[in-house]
Each structure stands twice: as structure tokens, then as C-alpha cells.
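Student: To be precise about what I am sending: the file is called start.txt and holds compact mmCIF, C-alpha atoms.
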```
# COMPACT_ATOMS: atom_id res chain seq x y z
CA MET A 1 -51.72 14.77 14.25
CA GLU A 2 -49.94 17.76 15.73
CA ILE A 3 -49.28 15.87 18.91
CA LEU A 4 -47.75 13.07 16.89
CA ASN A 5 -45.50 15.51 15.03
CA ALA A 6 -44.39 17.01 18.31
CA ILE A 7 -43.41 13.56 19.50
CA TYR A 8 -41.59 12.74 16.27
CA GLU A 9 -39.62 15.96 16.36
CA ASN A 10 -38.44 15.48 19.91
CA PRO A 11 -34.78 14.37 19.80
CA LEU A 12 -35.66 11.59 22.22
CA PHE A 13 -37.88 10.02 19.57
CA GLY A 14 -35.01 8.98 17.29
CA ILE A 15 -32.95 7.81 20.22
CA ILE A 16 -35.74 5.73 21.75
CA VAL A 17 -36.72 4.17 18.42
CA SER A 18 -33.08 3.18 17.88
CA LEU A 19 -32.73 1.88 21.41
CA LEU A 20 -35.86 -0.26 21.25
CA ALA A 21 -34.89 -1.66 17.87
CA TYR A 22 -31.40 -2.42 19.12
CA GLU A 23 -32.63 -4.11 22.29
CA ALA A 24 -35.03 -6.24 20.27
CA ALA A 25 -32.31 -7.08 17.75
CA VAL A 26 -29.87 -8.14 20.47
CA TRP A 27 -32.58 -10.30 22.01
CA ILE A 28 -33.24 -11.98 18.65
CA TYR A 29 -29.50 -12.42 18.07
CA ASN A 30 -29.01 -14.14 21.41
CA LYS A 31 -32.15 -16.25 20.96
CA SER A 32 -30.86 -17.44 17.58
CA ASN A 33 -27.63 -18.64 19.19
CA LYS A 34 -25.75 -15.69 17.70
CA PHE A 35 -26.58 -16.59 14.13
CA VAL A 36 -24.22 -14.43 12.04
CA LEU A 37 -26.74 -13.09 9.54
CA LEU A 38 -28.96 -11.86 12.37
CA ASN A 39 -26.30 -9.34 13.32
CA PRO A 40 -27.91 -6.82 15.73
CA LEU A 41 -26.99 -3.79 13.63
CA LEU A 42 -28.46 -5.30 10.48
CA VAL A 43 -31.69 -6.33 12.18
CA SER A 44 -32.18 -3.09 14.09
CA VAL A 45 -31.60 -0.98 10.96
CA ALA A 46 -34.16 -3.06 9.08
CA MET A 47 -36.64 -2.54 11.93
CA VAL A 48 -36.09 1.22 12.08
CA ILE A 49 -36.43 1.62 8.31
CA GLY A 50 -39.58 -0.49 8.35
CA PHE A 51 -41.02 1.53 11.20
CA LEU A 52 -40.28 4.88 9.53
CA LEU A 53 -41.80 3.71 6.25
CA ILE A 54 -44.97 2.31 7.85
CA PHE A 55 -45.64 5.47 9.86
CA ASP A 56 -44.48 7.69 7.01
CA ILE A 57 -41.89 9.48 9.13
CA PRO A 58 -39.14 11.23 7.12
CA TYR A 59 -35.55 10.23 7.82
CA ASP A 60 -34.65 13.80 8.73
CA THR A 61 -37.24 13.78 11.50
CA TYR A 62 -35.90 10.54 12.92
CA ASN A 63 -32.37 11.89 12.60
CA ILE A 64 -33.10 14.87 14.88
CA GLY A 65 -32.41 12.43 17.68
CA GLY A 66 -30.46 9.95 15.59
CA LYS A 67 -27.64 12.34 14.89
CA PHE A 68 -26.78 12.39 18.59
CA LEU A 69 -25.96 8.70 18.39
CA THR A 70 -23.79 9.24 15.30
CA MET A 71 -22.04 12.04 17.17
CA PHE A 72 -21.06 9.57 19.88
CA ILE A 73 -19.27 7.13 17.55
CA SER A 74 -15.94 8.91 17.91
CA PRO A 75 -15.94 9.42 21.69
CA VAL A 76 -17.17 5.87 22.27
CA THR A 77 -14.29 4.54 20.17
CA VAL A 78 -12.06 5.74 23.01
CA VAL A 79 -13.13 2.81 25.21
CA LEU A 80 -11.10 0.60 22.89
CA ALA A 81 -8.04 1.98 24.67
CA VAL A 82 -8.81 -0.46 27.47
CA PRO A 83 -8.11 -3.72 25.61
CA LEU A 84 -5.10 -1.98 24.08
CA TYR A 85 -3.73 -1.12 27.51
CA LEU A 86 -4.16 -4.69 28.69
CA GLN A 87 -2.00 -5.87 25.80
CA ILE A 88 0.64 -3.19 25.76
CA LYS A 89 3.49 -5.66 26.21
CA SER A 90 2.86 -7.65 23.04
CA LEU A 91 2.44 -4.34 21.25
CA LYS A 92 5.90 -3.18 22.31
CA ASP A 93 7.49 -6.52 21.45
CA ASN A 94 6.18 -6.51 17.90
CA ALA A 95 5.85 -2.80 17.12
CA GLY A 96 7.68 -2.98 13.77
CA ILE A 97 5.67 -5.89 12.39
CA ILE A 98 2.42 -4.40 13.63
CA LEU A 99 2.98 -1.00 12.05
CA PHE A 100 4.21 -2.48 8.79
CA SER A 101 1.25 -4.87 8.43
CA ILE A 102 -1.30 -2.15 9.10
CA PHE A 103 0.44 0.16 6.64
CA ILE A 104 0.39 -2.48 3.90
CA GLY A 105 -3.25 -3.30 4.63
CA ALA A 106 -4.42 0.33 4.58
CA VAL A 107 -2.61 0.95 1.30
CA ALA A 108 -4.07 -2.26 -0.16
CA SER A 109 -7.54 -0.99 0.71
CA VAL A 110 -7.16 2.17 -1.37
CA VAL A 111 -5.26 0.43 -4.18
CA GLY A 112 -7.95 -2.25 -4.31
CA ILE A 113 -10.78 0.22 -4.67
CA CYS A 114 -8.83 2.15 -7.35
CA VAL A 115 -8.16 -1.00 -9.38
CA TYR A 116 -11.83 -1.88 -9.10
CA GLN A 117 -12.81 1.58 -10.33
CA LYS A 118 -10.47 1.18 -13.32
CA LEU A 119 -12.01 -2.16 -14.23
CA PHE A 120 -15.65 -1.42 -13.43
CA PRO A 121 -16.13 2.35 -13.31
CA MET A 122 -18.75 3.65 -10.87
CA GLU A 123 -20.03 7.22 -10.66
CA THR A 124 -17.14 9.39 -9.54
CA ALA A 125 -18.92 10.61 -6.42
CA VAL A 126 -19.68 7.04 -5.37
CA PHE A 127 -16.10 5.98 -5.96
CA ALA A 128 -14.82 8.95 -3.93
CA SER A 129 -17.18 7.99 -1.13
CA LEU A 130 -15.86 4.44 -1.06
CA VAL A 131 -12.13 5.22 -0.91
CA PRO A 132 -11.98 5.58 2.89
CA LYS A 133 -14.57 2.89 3.73
CA SER A 134 -12.24 0.73 5.84
CA ILE A 135 -11.44 3.40 8.40
CA THR A 136 -13.35 4.82 11.32
CA THR A 137 -16.33 7.06 10.49
CA ALA A 138 -15.03 10.41 11.68
CA ILE A 139 -11.85 10.22 9.62
CA ALA A 140 -13.57 8.50 6.69
CA VAL A 141 -16.05 11.35 6.24
CA GLU A 142 -13.26 13.89 6.08
CA VAL A 143 -11.27 11.93 3.51
CA SER A 144 -14.42 11.42 1.47
CA GLU A 145 -15.28 15.12 1.45
CA GLN A 146 -11.76 15.98 0.41
CA PHE A 147 -12.22 13.77 -2.67
CA GLY A 148 -15.67 15.14 -3.45
CA GLY A 149 -17.50 12.12 -2.09
CA ILE A 150 -20.92 12.13 -0.44
CA PRO A 151 -20.58 11.81 3.35
CA GLY A 152 -23.89 9.94 3.62
CA ILE A 153 -22.67 7.23 1.27
CA THR A 154 -19.31 7.04 3.01
CA VAL A 155 -21.00 6.52 6.37
CA ILE A 156 -23.12 3.72 4.93
CA ALA A 157 -20.11 2.16 3.21
CA VAL A 158 -18.18 2.34 6.48
CA ALA A 159 -21.04 0.71 8.38
CA PHE A 160 -21.47 -1.99 5.74
CA THR A 161 -17.74 -2.73 5.69
CA GLY A 162 -17.74 -3.00 9.46
CA LEU A 163 -20.75 -5.26 9.37
CA LEU A 164 -18.99 -7.58 6.92
CA GLY A 165 -16.01 -7.66 9.23
CA ALA A 166 -18.12 -8.37 12.29
CA ILE A 167 -19.87 -11.22 10.51
CA PHE A 168 -17.16 -12.84 8.41
CA SER A 169 -13.87 -12.17 10.18
CA PRO A 170 -13.69 -15.53 11.96
CA ILE A 171 -14.41 -17.34 8.69
CA MET A 172 -11.84 -15.30 6.74
CA ALA A 173 -9.20 -15.95 9.39
CA LYS A 174 -9.79 -19.66 8.99
CA VAL A 175 -9.85 -19.64 5.18
CA PHE A 176 -6.67 -17.57 4.87
CA GLY A 177 -4.83 -19.52 7.54
CA VAL A 178 -4.35 -16.51 9.81
CA LYS A 179 -3.74 -18.27 13.10
CA ASN A 180 -1.72 -15.86 15.18
CA ASP A 181 -3.91 -13.73 17.46
CA ILE A 182 -1.92 -10.60 16.69
CA ALA A 183 -2.28 -11.14 12.93
CA LYS A 184 -6.02 -11.80 13.30
CA GLY A 185 -6.53 -8.58 15.25
CA LEU A 186 -4.56 -6.50 12.78
CA ALA A 187 -6.45 -7.93 9.83
CA ILE A 188 -9.82 -7.27 11.46
CA GLY A 189 -9.08 -3.74 12.66
CA THR A 190 -7.47 -2.65 9.40
CA SER A 191 -10.24 -4.04 7.22
CA SER A 192 -13.30 -3.27 9.30
CA HIS A 193 -12.57 -0.68 12.02
CA VAL A 194 -14.70 -0.42 15.19
CA LEU A 195 -17.50 -2.74 14.16
CA GLY A 196 -15.10 -5.50 13.23
CA THR A 197 -13.30 -4.88 16.49
CA THR A 198 -16.41 -5.78 18.47
CA LYS A 199 -16.05 -9.26 16.96
CA ALA A 200 -12.30 -9.23 17.57
CA VAL A 201 -12.88 -8.53 21.26
CA GLU A 202 -15.15 -11.57 21.40
CA MET A 203 -12.42 -13.67 19.80
CA GLY A 204 -9.89 -12.88 22.51
CA GLU A 205 -8.26 -10.09 24.45
CA GLN A 206 -5.17 -9.92 22.27
CA VAL A 207 -7.16 -10.06 19.03
CA GLY A 208 -9.31 -7.19 20.32
CA ALA A 209 -6.34 -5.10 21.40
CA MET A 210 -4.56 -5.41 18.06
CA SER A 211 -7.79 -4.67 16.25
CA SER A 212 -8.37 -1.46 18.25
CA LEU A 213 -4.84 -0.36 17.61
CA SER A 214 -5.25 -0.91 13.87
CA ILE A 215 -8.26 1.44 13.72
CA ALA A 216 -6.25 4.50 14.64
CA ILE A 217 -3.16 3.63 12.62
CA ALA A 218 -5.05 2.55 9.49
CA GLY A 219 -6.99 5.82 9.69
CA VAL A 220 -3.86 7.94 9.79
CA VAL A 221 -2.12 5.93 7.04
CA THR A 222 -5.18 6.30 4.79
CA VAL A 223 -5.37 10.05 5.32
CA PHE A 224 -1.77 10.47 4.19
CA THR A 225 -1.49 7.88 1.43
CA ALA A 226 -4.92 7.91 -0.22
CA PRO A 227 -4.45 11.20 -2.13
CA PHE A 228 -1.23 9.91 -3.69
CA ILE A 229 -2.61 6.52 -4.59
CA VAL A 230 -5.75 7.95 -6.14
CA ARG A 231 -3.65 10.36 -8.22
CA LEU A 232 -1.29 7.57 -9.21
CA PHE A 233 -4.22 5.77 -10.79
CA GLY A 234 -5.24 8.96 -12.56
CA LEU A 235 -8.61 8.96 -10.79
CA LEU A 236 -10.42 12.07 -9.51
CA MET B 1 -7.34 7.62 27.70
CA LEU B 2 -4.51 5.20 26.91
CA LEU B 3 -2.12 7.73 28.44
CA PHE B 4 -4.23 8.01 31.59
CA LEU B 5 -4.27 4.26 31.89
CA ILE B 6 -0.50 3.95 31.43
CA LEU B 7 0.14 6.73 33.92
CA LYS B 8 -2.28 4.96 36.28
CA VAL B 9 -4.39 8.11 36.64
CA ILE B 10 -7.31 5.81 35.91
CA LYS B 11 -7.22 2.30 37.31
CA VAL B 12 -8.20 -0.22 34.69
CA GLU B 13 -10.24 -2.29 37.15
CA LYS B 14 -12.51 0.69 37.79
CA ILE B 15 -13.57 1.19 34.20
CA LYS B 16 -13.31 -2.34 32.84
CA GLN B 17 -16.99 -3.06 33.35
CA VAL B 18 -18.22 0.14 31.71
CA SER B 19 -15.76 -0.13 28.85
CA ASP B 20 -16.72 -3.76 28.23
CA PHE B 21 -20.33 -2.70 27.98
CA PHE B 22 -19.59 -0.04 25.40
CA THR B 23 -17.21 -2.25 23.43
CA GLN B 24 -19.94 -4.82 23.05
CA ASN B 25 -22.56 -2.29 22.03
CA ILE B 26 -20.75 0.13 19.75
CA ALA B 27 -22.95 -1.05 16.88
CA PHE B 28 -25.86 0.79 18.53
CA PHE B 29 -24.31 4.15 17.66
CA PHE B 30 -24.13 3.18 13.99
CA ILE B 31 -27.89 2.69 13.62
CA PRO B 32 -28.91 6.22 12.48
CA SER B 33 -26.07 6.49 9.96
CA THR B 34 -26.98 3.14 8.46
CA VAL B 35 -30.69 3.99 8.37
CA ALA B 36 -29.62 6.91 6.13
CA LEU B 37 -29.55 4.28 3.41
CA MET B 38 -33.27 4.90 2.93
CA VAL B 39 -32.67 8.49 1.77
CA ASN B 40 -29.36 8.06 0.00
CA TYR B 41 -30.64 5.06 -1.87
CA LYS B 42 -31.55 7.09 -4.96
CA VAL B 43 -28.05 8.51 -5.32
CA ILE B 44 -26.46 5.10 -5.31
CA GLU B 45 -29.28 3.27 -7.05
CA ASN B 46 -27.33 2.93 -10.30
CA SER B 47 -24.06 1.93 -8.75
CA ILE B 48 -25.31 0.01 -5.76
CA ALA B 49 -24.45 -3.45 -7.09
CA GLY B 50 -20.99 -2.31 -8.17
CA ALA B 51 -20.41 -0.55 -4.88
CA LEU B 52 -21.44 -3.56 -2.84
CA VAL B 53 -19.17 -5.88 -4.80
CA ALA B 54 -16.35 -3.34 -4.46
CA ILE B 55 -16.79 -3.23 -0.70
CA VAL B 56 -16.93 -6.99 -0.33
CA LEU B 57 -13.89 -7.60 -2.55
CA THR B 58 -11.67 -4.93 -1.02
CA ASN B 59 -12.71 -6.01 2.45
CA ILE B 60 -11.50 -9.53 1.73
CA LEU B 61 -8.35 -8.14 0.09
CA VAL B 62 -7.45 -5.96 3.08
CA PHE B 63 -8.10 -8.77 5.53
CA PHE B 64 -5.93 -11.12 3.51
CA VAL B 65 -3.06 -8.70 2.91
CA THR B 66 -2.88 -7.50 6.51
CA GLY B 67 -3.39 -10.90 8.09
CA PHE B 68 -0.99 -12.65 5.77
CA THR B 69 1.78 -10.04 6.15
CA ALA B 70 1.53 -10.08 9.93
CA GLU B 71 1.23 -13.85 10.18
CA TRP B 72 4.26 -14.38 7.93
CA LEU B 73 6.46 -11.77 9.63
CA LEU B 74 5.60 -13.04 13.11
CA ARG B 75 6.41 -16.58 12.07
CA LEU B 76 9.72 -15.42 10.61
CA LYS B 77 10.54 -13.57 13.81
CA ASN B 78 9.68 -16.51 16.03
CA LYS B 79 11.76 -18.83 13.87
CA ARG B 80 14.76 -16.52 14.10
CA LYS B 81 14.29 -16.18 17.83
CA GLY B 82 14.09 -19.94 18.16
CA LYS B 83 17.37 -20.29 16.26
CA SER B 84 19.29 -17.76 18.33
CA ASP B 85 17.93 -19.35 21.49
CA GLY B 86 19.25 -22.67 20.26
CA ASN B 87 22.70 -21.23 19.61
CA SER B 88 23.15 -19.58 22.94
```
Would it be possible to restate this file's structure as C-alpha cells?
Tutor:
Amino acid sequence: MEILNAIYENPLFGIIVSLLAYEAAVWIYNKSNKFVLLNPLLVSVAMVIGFLLIFDIPYDTYNIGGKFLTMFISPVTVVLAVPLYLQIKSLKDNAGIILFSIFIGAVASVVGICVYQKLFPMETAVFASLVPKSITTAIAVEVSEQFGGIPGITVIAVAFTGLLGAIFSPIMAKVFGVKNDIAKGLAIGTSSHVLGTTKAVEMGEQVGAMSSLSIAIAGVVTVFTAPFIVRLFGLL
Amino acid sequence: MLLFLILKVIKVEKIKQVSDFFTQNIAFFFIPSTVALMVNYKVIENSIAGALVAIVLTNILVFFVTGFTAEWLLRLKNKRKGKSDGNS
């Protein structure tokens, strides 16, 4: 038993469990012809949770290694500068439209969640945790804490939002008649940050570039506007 | 990084392969934070249905608002450009 505990508490344990689950999930995803509901993140999380429950391993033990992966989310986001660089010309040509659309979208995100809270009140801490859900994790956690939210819930909300984006973005683009690649990218990045962007990159270089750009800008817009919007609605 | 690329300190060809790999696998780094659901579940137990609906609805809203605004403005711009091209 002690040997087992020593293994569990090694930081490598959490990392390897995640890696194996992810590899298996990607394999399943590819085998299923990229069936949307078998999204690799969704499947690997289910496997890890199942594994931890079966072997009665506490989350905190798994997270000794797991937290290193979470730590890497922000630095890894930097690689999205590459698609952005490859599309810098269309960015310059449409800078005004791009900035305006992202601004409107980021504001709509916070307004939307506030309206929802007015209509169907949730616990205040949960509401506060959801306000920044559309932006990238690192910034989202800070906004959430500022409002008295629970970082753990914010991180989950962020991941879930991103997952939705990664799965449903192509369908939403079709339903809403968003045909322009720039508009698609902006919509994906603003609504579902890095995870949505992975889908955007698959959809095309320009879609990916605009999506990556939106992550940073939507994050900054949310940081500055969210406090005002929340106060405007008399919430928190 | 964008600055380094623009200034050509880093050549894009050199990192394209590595960056493509990471771009495709960013989801991997989200696993532990999503697994946290198993411990935070109790806190959100009562509001989980509401929270999920809230996330889904606002996600659709943001996608629509951003996509529609951009699509419409770009179309307007292209139309105007087309007109001025025709005049000149």
C-alpha cells in the first residue's frame, strides 16, 4: 500500500495518467471518424475521473502532477501567435471591424450571463464564477476571484465553454449564416477561447488566426468592462 | 512571440511544426482542471442545471453577436469598396 501511495504522490503520476487518457481519447476520436461528441477532452476527462474513482485516489493526489499541466495553459497559448502572424495582412486591413466585433461579443457575454442571473438566479458564488467563462483560463480566474467567484468552478466553466465551441462552432456558423472566414474566427475565439480555436485552426488558417486574436482581445475587454456591466445590473 | 516573428528573430518555418503540434493538442492541458469537476461537484450541485443552461445560452449568444456583427460589417465594407472601384 505504501508503495502505491508513493507512486500516486509522484508528480509524474498525474501527468502520465492524463497523457495515457488523452492518447487513448485521441485514438478513439480518430477511429470514430472525428465524431463530435467523442471530443478528446471530454473522453479523457471521463476516463481520468473513472480511474480515480475506481482506485479511490483523491483528486488532490492526482493534481500534484495535474497542476503542472494547468500551469502550462497560458504559456502554450503563445503558440497561437503563429497562425496570427501568417494572417497579419488581413488583420491590418480590417482592424476596425475586428476590434469592434470582439468588443461587442465580449460585452454580450457578460450582459447575457447577467440577464440570465436576473431571470433565473443562481447562487451568487456560482454566478460570479460564470461571468468570465468565455475568456482564457488565466484571465478568467482573476476576474472570477475579483467578483468573489470560486476559481475551481470558473476553470470548469471555461473548459466546458471551450468544449462547446470546439464541438458546435461549425454548426453554429452554418445556422447563423456566418460565412466569412474572418467573422467565423472572431465568433469562435470570442465565444470559446483556446479550445474553440483548436477547431478554428482546423477550419482554415484565417479562421484560426482571427480566433487566436480574439482570445487576447476578448480577455482584455472583459477585464475592463465586466465590473461595470455587473454593477449596472445591480448584481454582486 | 508575435513580435519576434514580425521582427524575423524567429523564422516561422522553423517553429511551424512544433506550434502546429501544440495548437492541435492544447486540450491536453485542460484535463486536470476539468477533472476538478469531481471535487467541486458538491458546490455546484444545486445550480448545476442552471449553470449549464447559462453557459450554453450565452455561448450561442456570443457566437451569434460576434459573428453577425463581423459578417455584416465586412459585407458592408466590401460593398462600399466595390462601389468606389466601379466609380474610378
Student: List every residue of chain B that has an atom at most 7 Å from any atom of chain A, giving for each one its closest atom pair and the distance in Å to one decimal, counting all atoms listed in the file, sorted by chain and then by ascending residue number, as JSON lines.
Tutor:
```
{"residue": "B:Met1", "atom": "CA", "partner": "A:Ala81", "partner_atom": "CA", "distance": 6.4}
{"residue": "B:Leu2", "atom": "CA", "partner": "A:Ala81", "partner_atom": "CA", "distance": 5.3}
{"residue": "B:Leu5", "atom": "CA", "partner": "A:Tyr85", "partner_atom": "CA", "distance": 7.0}
{"residue": "B:Ser19", "atom": "CA", "partner": "A:Val79", "partner_atom": "CA", "distance": 5.4}
{"residue": "B:Thr23", "atom": "CA", "partner": "A:Thr198", "partner_atom": "CA", "distance": 6.1}
{"residue": "B:Gln24", "atom": "CA", "partner": "A:Thr198", "partner_atom": "CA", "distance": 5.9}
{"residue": "B:Ala27", "atom": "CA", "partner": "A:Leu41", "partner_atom": "CA", "distance": 5.9}
{"residue": "B:Phe28", "atom": "CA", "partner": "A:Tyr22", "partner_atom": "CA", "distance": 6.4}
{"residue": "B:Phe29", "atom": "CA", "partner": "A:Leu69", "partner_atom": "CA", "distance": 4.9}
{"residue": "B:Phe30", "atom": "CA", "partner": "A:Thr70", "partner_atom": "CA", "distance": 6.2}
{"residue": "B:Ile31", "atom": "CA", "partner": "A:Val45", "partner_atom": "CA", "distance": 5.9}
{"residue": "B:Pro32", "atom": "CA", "partner": "A:Gly66", "partner_atom": "CA", "distance": 5.1}
{"residue": "B:Ser33", "atom": "CA", "partner": "A:Val155", "partner_atom": "CA", "distance": 6.2}
{"residue": "B:Thr34", "atom": "CA", "partner": "A:Ile156", "partner_atom": "CA", "distance": 5.3}
{"residue": "B:Val35", "atom": "CA", "partner": "A:Val45", "partner_atom": "CA", "distance": 5.7}
{"residue": "B:Ala36", "atom": "CA", "partner": "A:Gly152", "partner_atom": "CA", "distance": 7.0}
{"residue": "B:Leu37", "atom": "CA", "partner": "A:Ile156", "partner_atom": "CA", "distance": 6.6}
{"residue": "B:Val39", "atom": "CA", "partner": "A:Tyr59", "partner_atom": "CA", "distance": 6.9}
{"residue": "B:Asn40", "atom": "CA", "partner": "A:Gly152", "partner_atom": "CA", "distance": 6.8}
{"residue": "B:Ser47", "atom": "CA", "partner": "A:Met122", "partner_atom": "CA", "distance": 6.0}
{"residue": "B:Gly50", "atom": "CA", "partner": "A:Met122", "partner_atom": "CA", "distance": 6.9}
{"residue": "B:Ala54", "atom": "CA", "partner": "A:Ile113", "partner_atom": "CA", "distance": 6.6}
{"residue": "B:Ile55", "atom": "CA", "partner": "A:Thr161", "partner_atom": "CA", "distance": 6.5}
{"residue": "B:Thr58", "atom": "CA", "partner": "A:Gly112", "partner_atom": "CA", "distance": 5.6}
{"residue": "B:Asn59", "atom": "CA", "partner": "A:Ser191", "partner_atom": "CA", "distance": 5.7}
{"residue": "B:Val62", "atom": "CA", "partner": "A:Gly105", "partner_atom": "CA", "distance": 5.2}
{"residue": "B:Phe63", "atom": "CA", "partner": "A:Ala187", "partner_atom": "CA", "distance": 4.7}
{"residue": "B:Phe64", "atom": "CA", "partner": "A:Phe176", "partner_atom": "CA", "distance": 6.6}
{"residue": "B:Val65", "atom": "CA", "partner": "A:Gly105", "partner_atom": "CA", "distance": 5.7}
{"residue": "B:Thr66", "atom": "CA", "partner": "A:Gly105", "partner_atom": "CA", "distance": 4.6}
{"residue": "B:Gly67", "atom": "CA", "partner": "A:Ala187", "partner_atom": "CA", "distance": 4.6}
{"residue": "B:Phe68", "atom": "CA", "partner": "A:Val178", "partner_atom": "CA", "distance": 6.5}
{"residue": "B:Thr69", "atom": "CA", "partner": "A:Ser101", "partner_atom": "CA", "distance": 5.7}
{"residue": "B:Ala70", "atom": "CA", "partner": "A:Ala183", "partner_atom": "CA", "distance": 5.0}
{"residue": "B:Glu71", "atom": "CA", "partner": "A:Ala183", "partner_atom": "CA", "distance": 5.2}
{"residue": "B:Leu73", "atom": "CA", "partner": "A:Ile97", "partner_atom": "CA", "distance": 6.5}
```
Student: Any idea what the distance is between CA of Ile28 in chain A and CA of Ile48 in chain B?
Tutor: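 For CA of Ile28 in chain A relative to CA of Ile48 in chain B, the distance reads 28.3 Å.
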Student: In Å, with one decimal, what is the gap from CA of Thr124 in chain A to CA of Leu236 in chain A?
Tutor: 7.2 Å
Student: State, in Å with one decimal place, the distance from CA of Ala51 in chain B to CA of Ser144 in chain A.
Tutor: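 That distance, rounded to one decimal, is 14.8 Å.
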Student: Looking at A:Thr136, A:Glu205, A:Thr61, A:Thr225, which one is nearest to Asp20 in chain B, with distances taken over only C-alpha atoms?
Tutor: A:Glu205
Student: Name the closest residue to Lys77 in chain B among the candidates A:Asn5, A:Ala218, A:Ile54, A:Asp93; distances are taken between atoms, counting all atoms listed in the file.
Tutor: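 Of the candidates, the smallest distance to Lys77 in chain B is held by A:Asp93.
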Student: So that I can check the surroundings of Leu4 in chain A, please list as a CSV table (one decimal) with C-alpha atoms, in the frame of the given file every protein, DNA and RNA residue that reaches within 12 Å of it, counting all atoms listed in the file and ignoring chain neighbours fewer than 3 positions away.
Tutor:
```csv
chain,number,residue,atom,x,y,z
A,1,MET,CA,-51.7,14.8,14.2
A,7,ILE,CA,-43.4,13.6,19.5
A,8,TYR,CA,-41.6,12.7,16.3
A,9,GLU,CA,-39.6,16.0,16.4
A,10,ASN,CA,-38.4,15.5,19.9
A,13,PHE,CA,-37.9,10.0,19.6
A,55,PHE,CA,-45.6,5.5,9.9
A,56,ASP,CA,-44.5,7.7,7.0
A,57,ILE,CA,-41.9,9.5,9.1
A,61,THR,CA,-37.2,13.8,11.5
```
Student: Assuming the input is short of atoms at range 121-134 of chain A, produce N, CA and C atoms for that part as a compact mmCIF listing (two decimals), in the frame of the given file.
Tutor:
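File out.txt, as written:
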```txt
# COMPACT_ATOMS: atom_id res chain seq x y z
N PRO A 121 -15.93 0.98 -13.79
CA PRO A 121 -16.13 2.35 -13.31
C PRO A 121 -17.51 2.57 -12.68
N MET A 122 -17.50 3.24 -11.51
CA MET A 122 -18.75 3.65 -10.87
C MET A 122 -18.83 5.17 -11.03
N GLU A 123 -19.95 5.76 -10.64
CA GLU A 123 -20.03 7.22 -10.66
C GLU A 123 -18.91 7.77 -9.79
N THR A 124 -18.30 8.86 -10.24
CA THR A 124 -17.14 9.39 -9.54
C THR A 124 -17.43 9.68 -8.07
N ALA A 125 -18.60 10.26 -7.81
CA ALA A 125 -18.92 10.61 -6.42
C ALA A 125 -19.03 9.36 -5.56
N VAL A 126 -19.55 8.28 -6.13
CA VAL A 126 -19.68 7.04 -5.37
C VAL A 126 -18.30 6.47 -5.10
N PHE A 127 -17.46 6.47 -6.13
CA PHE A 127 -16.10 5.98 -5.96
C PHE A 127 -15.39 6.76 -4.85
N ALA A 128 -15.48 8.10 -4.93
CA ALA A 128 -14.82 8.95 -3.93
C ALA A 128 -15.32 8.63 -2.53
N SER A 129 -16.60 8.29 -2.44
CA SER A 129 -17.18 7.99 -1.13
C SER A 129 -16.69 6.65 -0.59
N LEU A 130 -16.26 5.77 -1.50
CA LEU A 130 -15.86 4.44 -1.06
C LEU A 130 -14.38 4.35 -0.67
N VAL A 131 -13.58 5.30 -1.17
CA VAL A 131 -12.13 5.22 -0.91
C VAL A 131 -11.80 4.99 0.58
N PRO A 132 -12.38 5.75 1.48
CA PRO A 132 -11.98 5.58 2.89
C PRO A 132 -12.87 4.62 3.69
N LYS A 133 -13.55 3.68 3.04
CA LYS A 133 -14.57 2.89 3.73
C LYS A 133 -14.06 1.98 4.85
N SER A 134 -12.74 1.66 4.82
CA SER A 134 -12.24 0.73 5.84
C SER A 134 -11.88 1.39 7.15
```
